[in-house]
Amino acid sequence: MILRVADIYGPRNTPLSTPILFLRQALMHRPLTVFGQGTQGRTYTYVSDFVEGVLLALNNKNALGCIMNLGSGQFVTMLELAEAVHQVTGRKSKVVHDPSVPSDRRHLEIDIQKARRILGFIPRVKLEEGLKMTYDWMKDNLSYYSMEKGLIQ
């Protein structure tokens, strides 16, 4: 089987992930940097939903030979993601548009209907909830994204 997954986020995720980057910028009282106009978007998947989808697939013989998408089913633009980070963190970091980096203009909206039908996959973590859990973890683990690891931008 092949499982195609939408962008995964959550505690311990790469600092290159946009949700992680925005949360880190808010935590450090820095502006949230959006490339281009911020209308490009994605479907993000909280890590526990991803794990649940994989376990469902591994334990379901009907998944053999299938190609399925796993994701939250919730599409968000970069501007909407920035607003969600504001809501979760309670910080109103300025949103800065960086036109020097070309944005991809893509709308990567992931259709998870096949995984719902075959696996019974139901994503449980809404974006705001996943961002909040990730932000709370980040506040308690400030050294994880430390300069010593070369991860602070």
# chains A, B, ... in the order shown; residues from 1 in each chain; ligands from 1
call {"tool": "select_by_dssp", "arguments": {"residues": "region 46-148 of chain A", "states": "alpha helix (DSSP H)", "output": "PyMOL selection string"}}
result
chain A and resi 47-58+78-89+113-119+127-140
call {"tool": "closest_residue", "arguments": {"among": "A:Gly36, A:Pro123, A:Pro15, A:Pro99", "to": "Met78 (chain A)", "atoms": "only C-alpha atoms"}}
result
A:Gly36
call {"tool": "residues_around", "arguments": {"residues": "Met68 (chain A)", "least_positions_apart": "6", "cutoff": "10 Å", "atoms": "only C-alpha atoms", "output": "compact mmCIF listing (two decimals) with N, CA and C atoms, in the first residue's frame"}}
result
# COMPACT_ATOMS: atom_id res chain seq x y z
N MET A 1 0.84 -1.18 0.00
CA MET A 1 0.00 0.00 0.00
C MET A 1 0.88 1.23 0.00
N ILE A 2 0.31 2.30 -0.46
CA ILE A 2 1.01 3.58 -0.43
C ILE A 2 0.13 4.57 0.32
N LEU A 3 0.72 5.20 1.34
CA LEU A 3 0.03 6.24 2.09
C LEU A 3 0.70 7.56 1.76
N ARG A 4 -0.07 8.47 1.21
CA ARG A 4 0.44 9.82 0.92
C ARG A 4 -0.10 10.71 2.03
N VAL A 5 0.79 11.40 2.70
CA VAL A 5 0.38 12.17 3.86
C VAL A 5 0.58 13.66 3.61
N GLY A 53 -3.68 6.94 11.34
CA GLY A 53 -3.93 6.51 9.97
C GLY A 53 -3.02 5.37 9.54
N ALA A 57 -4.14 1.52 8.61
CA ALA A 57 -3.77 0.92 7.33
C ALA A 57 -3.03 -0.41 7.53
N ASP A 111 -7.47 15.12 -0.41
CA ASP A 111 -8.74 14.40 -0.35
C ASP A 111 -8.52 13.09 0.42
N ILE A 112 -9.19 12.95 1.56
CA ILE A 112 -8.99 11.77 2.41
C ILE A 112 -10.19 10.82 2.38
N GLN A 113 -11.08 10.99 1.43
CA GLN A 113 -12.30 10.18 1.40
C GLN A 113 -12.03 8.68 1.28
N LYS A 114 -11.02 8.30 0.50
CA LYS A 114 -10.70 6.88 0.34
C LYS A 114 -10.24 6.29 1.67
N ALA A 115 -9.42 7.01 2.41
CA ALA A 115 -8.97 6.53 3.73
C ALA A 115 -10.14 6.47 4.71
N ARG A 116 -11.05 7.40 4.60
CA ARG A 116 -12.26 7.35 5.45
C ARG A 116 -13.07 6.09 5.15
N ILE A 118 -12.20 3.21 3.41
CA ILE A 118 -11.56 1.90 3.56
C ILE A 118 -11.07 1.66 4.98
N LEU A 119 -10.48 2.66 5.59
CA LEU A 119 -9.87 2.48 6.91
C LEU A 119 -10.74 2.92 8.07
call {"tool": "select_by_dssp", "arguments": {"residues": "chain A", "states": "strand (DSSP E or B)", "output": "VMD selection string"}}
result
chain A and resid 2 to 5 7 to 9 32 to 35 41 to 46 67 to 70 75 to 77 95 to 98 107 to 108
call {"tool": "write_last_selection", "arguments": {"atoms": "N, CA and C atoms", "output": "PDB file, in the first residue's frame"}}
result
ATOM      1  N   ILE A   2       0.309   2.302  -0.456  1.00  0.00           N
ATOM      2  CA  ILE A   2       1.011   3.578  -0.434  1.00  0.00           C
ATOM      3  C   ILE A   2       0.133   4.570   0.322  1.00  0.00           C
ATOM      4  N   LEU A   3       0.719   5.195   1.339  1.00  0.00           N
ATOM      5  CA  LEU A   3       0.030   6.238   2.086  1.00  0.00           C
ATOM      6  C   LEU A   3       0.697   7.563   1.756  1.00  0.00           C
ATOM      7  N   ARG A   4      -0.069   8.467   1.206  1.00  0.00           N
ATOM      8  CA  ARG A   4       0.439   9.815   0.921  1.00  0.00           C
ATOM      9  C   ARG A   4      -0.100  10.711   2.027  1.00  0.00           C
ATOM     10  N   VAL A   5       0.794  11.399   2.695  1.00  0.00           N
ATOM     11  CA  VAL A   5       0.380  12.172   3.864  1.00  0.00           C
ATOM     12  C   VAL A   5       0.580  13.660   3.607  1.00  0.00           C
ATOM     13  N   ASP A   7       1.277  17.509   4.984  1.00  0.00           N
ATOM     14  CA  ASP A   7       2.337  18.018   5.877  1.00  0.00           C
ATOM     15  C   ASP A   7       2.016  17.700   7.337  1.00  0.00           C
ATOM     16  N   ILE A   8       2.954  17.048   7.996  1.00  0.00           N
ATOM     17  CA  ILE A   8       2.788  16.661   9.400  1.00  0.00           C
ATOM     18  C   ILE A   8       3.394  17.743  10.291  1.00  0.00           C
ATOM     19  N   TYR A   9       2.723  18.040  11.398  1.00  0.00           N
ATOM     20  CA  TYR A   9       3.266  18.986  12.379  1.00  0.00           C
ATOM     21  C   TYR A   9       2.969  18.462  13.772  1.00  0.00           C
ATOM     22  N   LEU A  32       5.581  37.187  11.990  1.00  0.00           N
ATOM     23  CA  LEU A  32       5.350  35.952  11.251  1.00  0.00           C
ATOM     24  C   LEU A  32       5.611  36.262   9.779  1.00  0.00           C
ATOM     25  N   THR A  33       6.526  35.541   9.172  1.00  0.00           N
ATOM     26  CA  THR A  33       6.923  35.812   7.804  1.00  0.00           C
ATOM     27  C   THR A  33       6.136  34.945   6.830  1.00  0.00           C
ATOM     28  N   VAL A  34       5.365  35.604   5.982  1.00  0.00           N
ATOM     29  CA  VAL A  34       4.571  34.937   4.957  1.00  0.00           C
ATOM     30  C   VAL A  34       5.192  35.265   3.609  1.00  0.00           C
ATOM     31  N   PHE A  35       5.436  34.251   2.810  1.00  0.00           N
ATOM     32  CA  PHE A  35       6.007  34.485   1.485  1.00  0.00           C
ATOM     33  C   PHE A  35       4.898  34.872   0.508  1.00  0.00           C
ATOM     34  N   GLY A  41      -1.724  27.581   0.153  1.00  0.00           N
ATOM     35  CA  GLY A  41      -2.136  26.856   1.342  1.00  0.00           C
ATOM     36  C   GLY A  41      -1.880  25.370   1.254  1.00  0.00           C
ATOM     37  N   ARG A  42      -2.151  24.728   2.376  1.00  0.00           N
ATOM     38  CA  ARG A  42      -1.900  23.303   2.524  1.00  0.00           C
ATOM     39  C   ARG A  42      -2.923  22.690   3.467  1.00  0.00           C
ATOM     40  N   THR A  43      -2.882  21.378   3.510  1.00  0.00           N
ATOM     41  CA  THR A  43      -3.616  20.622   4.504  1.00  0.00           C
ATOM     42  C   THR A  43      -2.574  20.078   5.472  1.00  0.00           C
ATOM     43  N   TYR A  44      -2.631  20.502   6.711  1.00  0.00           N
ATOM     44  CA  TYR A  44      -1.674  20.035   7.708  1.00  0.00           C
ATOM     45  C   TYR A  44      -2.280  18.879   8.495  1.00  0.00           C
ATOM     46  N   THR A  45      -1.418  17.989   8.966  1.00  0.00           N
ATOM     47  CA  THR A  45      -1.850  16.802   9.699  1.00  0.00           C
ATOM     48  C   THR A  45      -1.115  16.745  11.023  1.00  0.00           C
ATOM     49  N   TYR A  46      -1.866  16.733  12.109  1.00  0.00           N
ATOM     50  CA  TYR A  46      -1.230  16.604  13.416  1.00  0.00           C
ATOM     51  C   TYR A  46      -0.664  15.195  13.546  1.00  0.00           C
ATOM     52  N   ILE A  67      -3.736   2.957  -2.692  1.00  0.00           N
ATOM     53  CA  ILE A  67      -3.041   4.233  -2.545  1.00  0.00           C
ATOM     54  C   ILE A  67      -4.041   5.176  -1.891  1.00  0.00           C
ATOM     55  N   MET A  68      -3.677   5.701  -0.724  1.00  0.00           N
ATOM     56  CA  MET A  68      -4.602   6.566   0.022  1.00  0.00           C
ATOM     57  C   MET A  68      -3.890   7.787   0.567  1.00  0.00           C
ATOM     58  N   ASN A  69      -4.658   8.851   0.713  1.00  0.00           N
ATOM     59  CA  ASN A  69      -4.158  10.093   1.307  1.00  0.00           C
ATOM     60  C   ASN A  69      -4.552  10.146   2.774  1.00  0.00           C
ATOM     61  N   LEU A  70      -3.633  10.627   3.605  1.00  0.00           N
ATOM     62  CA  LEU A  70      -3.928  10.897   5.011  1.00  0.00           C
ATOM     63  C   LEU A  70      -3.720  12.383   5.256  1.00  0.00           C
ATOM     64  N   PHE A  75      -8.115  22.421   4.976  1.00  0.00           N
ATOM     65  CA  PHE A  75      -7.206  23.235   4.175  1.00  0.00           C
ATOM     66  C   PHE A  75      -7.071  24.615   4.822  1.00  0.00           C
ATOM     67  N   VAL A  76      -5.842  25.166   4.793  1.00  0.00           N
ATOM     68  CA  VAL A  76      -5.605  26.478   5.394  1.00  0.00           C
ATOM     69  C   VAL A  76      -4.599  27.241   4.532  1.00  0.00           C
ATOM     70  N   THR A  77      -4.878  28.530   4.314  1.00  0.00           N
ATOM     71  CA  THR A  77      -3.896  29.374   3.634  1.00  0.00           C
ATOM     72  C   THR A  77      -2.858  29.814   4.663  1.00  0.00           C
ATOM     73  N   VAL A  95       2.315  40.337  10.852  1.00  0.00           N
ATOM     74  CA  VAL A  95       2.504  39.446   9.716  1.00  0.00           C
ATOM     75  C   VAL A  95       3.235  40.228   8.638  1.00  0.00           C
ATOM     76  N   VAL A  96       4.406  39.738   8.266  1.00  0.00           N
ATOM     77  CA  VAL A  96       5.244  40.401   7.279  1.00  0.00           C
ATOM     78  C   VAL A  96       5.217  39.592   5.991  1.00  0.00           C
ATOM     79  N   HIS A  97       4.929  40.256   4.890  1.00  0.00           N
ATOM     80  CA  HIS A  97       4.947  39.592   3.581  1.00  0.00           C
ATOM     81  C   HIS A  97       6.330  39.772   2.972  1.00  0.00           C
ATOM     82  N   ASP A  98       6.956  38.660   2.630  1.00  0.00           N
ATOM     83  CA  ASP A  98       8.290  38.694   2.043  1.00  0.00           C
ATOM     84  C   ASP A  98       8.183  38.382   0.551  1.00  0.00           C
ATOM     85  N   HIS A 107      -2.428  25.239  -3.937  1.00  0.00           N
ATOM     86  CA  HIS A 107      -3.458  24.912  -2.955  1.00  0.00           C
ATOM     87  C   HIS A 107      -3.429  23.396  -2.802  1.00  0.00           C
ATOM     88  N   LEU A 108      -2.649  22.923  -1.847  1.00  0.00           N
ATOM     89  CA  LEU A 108      -2.474  21.491  -1.645  1.00  0.00           C
ATOM     90  C   LEU A 108      -3.542  20.968  -0.688  1.00  0.00           C
TER      91      LEU A 108
END
call {"tool": "residues_around", "arguments": {"residues": "Pro11 (chain A)", "least_positions_apart": "6", "cutoff": "8 Å", "atoms": "only C-alpha atoms", "output": "list in words"}}
result
Met133, Thr134, Trp137 and Met138 of chain A
call {"tool": "write_last_selection", "arguments": {"atoms": "N, CA and C atoms", "output": "CSV table (one decimal), in the first residue's frame"}}
result
chain,number,residue,atom,x,y,z
A,133,MET,N,-1.4,22.4,21.3
A,133,MET,CA,-0.6,21.4,21.9
A,133,MET,C,0.9,21.5,21.6
A,134,THR,N,1.1,21.9,20.3
A,134,THR,CA,2.5,22.1,19.9
A,134,THR,C,3.1,23.3,20.6
A,137,TRP,N,3.9,22.5,24.2
A,137,TRP,CA,5.1,21.7,24.3
A,137,TRP,C,6.4,22.6,24.0
A,138,MET,N,6.3,23.5,23.1
A,138,MET,CA,7.5,24.3,22.7
A,138,MET,C,7.8,25.2,23.9
call {"tool": "atom_distance", "arguments": {"atom1": "CA of Ala6 (chain A)", "atom2": "CA of Gly73 (chain A)"}}
result
9.3 Å
call {"tool": "decode", "arguments": {"residues": "region 63-131 of chain A", "atoms": "C-alpha atoms", "output": "tab-separated table (two decimals), in the first residue's frame"}}
result
chain	number	residue	atom	x	y	z
A	63	ALA	CA	-5.80	-1.49	2.47
A	64	LEU	CA	-3.44	-3.90	0.68
A	65	GLY	CA	-2.66	-2.65	-2.79
A	66	CYS	CA	-4.34	0.72	-2.17
A	67	ILE	CA	-3.04	4.23	-2.54
A	68	MET	CA	-4.60	6.57	0.02
A	69	ASN	CA	-4.16	10.09	1.31
A	70	LEU	CA	-3.93	10.90	5.01
A	71	GLY	CA	-4.54	14.41	6.24
A	72	SER	CA	-6.68	16.52	8.50
A	73	GLY	CA	-9.26	17.33	5.86
A	74	GLN	CA	-8.81	21.00	6.84
A	75	PHE	CA	-7.21	23.24	4.18
A	76	VAL	CA	-5.61	26.48	5.39
A	77	THR	CA	-3.90	29.37	3.63
A	78	MET	CA	-0.71	30.80	5.10
A	79	LEU	CA	-2.61	33.91	6.20
A	80	GLU	CA	-5.21	31.72	7.93
A	81	LEU	CA	-2.41	29.74	9.57
A	82	ALA	CA	-0.86	32.98	10.84
A	83	GLU	CA	-4.23	34.04	12.29
A	84	ALA	CA	-4.63	30.62	13.96
A	85	VAL	CA	-1.18	31.05	15.53
A	86	HIS	CA	-2.30	34.47	16.83
A	87	GLN	CA	-5.40	32.87	18.38
A	88	VAL	CA	-3.48	30.00	19.96
A	89	THR	CA	-0.56	32.01	21.33
A	90	GLY	CA	-2.51	35.10	22.33
A	91	ARG	CA	0.21	37.12	20.64
A	92	LYS	CA	-0.50	39.47	17.80
A	93	SER	CA	2.84	39.27	16.05
A	94	LYS	CA	2.93	41.40	12.95
A	95	VAL	CA	2.50	39.45	9.72
A	96	VAL	CA	5.24	40.40	7.28
A	97	HIS	CA	4.95	39.59	3.58
A	98	ASP	CA	8.29	38.69	2.04
A	99	PRO	CA	8.07	39.19	-1.72
A	100	SER	CA	11.76	38.28	-2.20
A	101	VAL	CA	11.00	34.58	-1.78
A	102	PRO	CA	8.67	33.30	-4.46
A	103	SER	CA	5.59	31.64	-3.01
A	104	ASP	CA	4.37	28.49	-4.64
A	105	ARG	CA	0.74	29.66	-5.10
A	106	ARG	CA	-0.36	26.06	-4.76
A	107	HIS	CA	-3.46	24.91	-2.95
A	108	LEU	CA	-2.47	21.49	-1.64
A	109	GLU	CA	-5.85	20.33	-0.44
A	110	ILE	CA	-5.72	16.62	0.34
A	111	ASP	CA	-8.74	14.40	-0.35
A	112	ILE	CA	-8.99	11.77	2.41
A	113	GLN	CA	-12.30	10.18	1.40
A	114	LYS	CA	-10.70	6.88	0.34
A	115	ALA	CA	-8.97	6.53	3.73
A	116	ARG	CA	-12.26	7.35	5.45
A	117	ARG	CA	-14.11	4.73	3.42
A	118	ILE	CA	-11.56	1.90	3.56
A	119	LEU	CA	-9.87	2.48	6.91
A	120	GLY	CA	-12.50	4.36	8.86
A	121	PHE	CA	-9.87	7.11	9.19
A	122	ILE	CA	-11.26	10.14	10.98
A	123	PRO	CA	-8.79	12.90	11.82
A	124	ARG	CA	-9.46	14.04	15.36
A	125	VAL	CA	-7.15	17.00	15.91
A	126	LYS	CA	-8.33	20.32	14.48
A	127	LEU	CA	-5.66	22.80	13.46
A	128	GLU	CA	-6.12	25.15	16.42
A	129	GLU	CA	-5.98	22.26	18.90
A	130	GLY	CA	-2.83	20.83	17.29
A	131	LEU	CA	-1.18	24.25	17.24
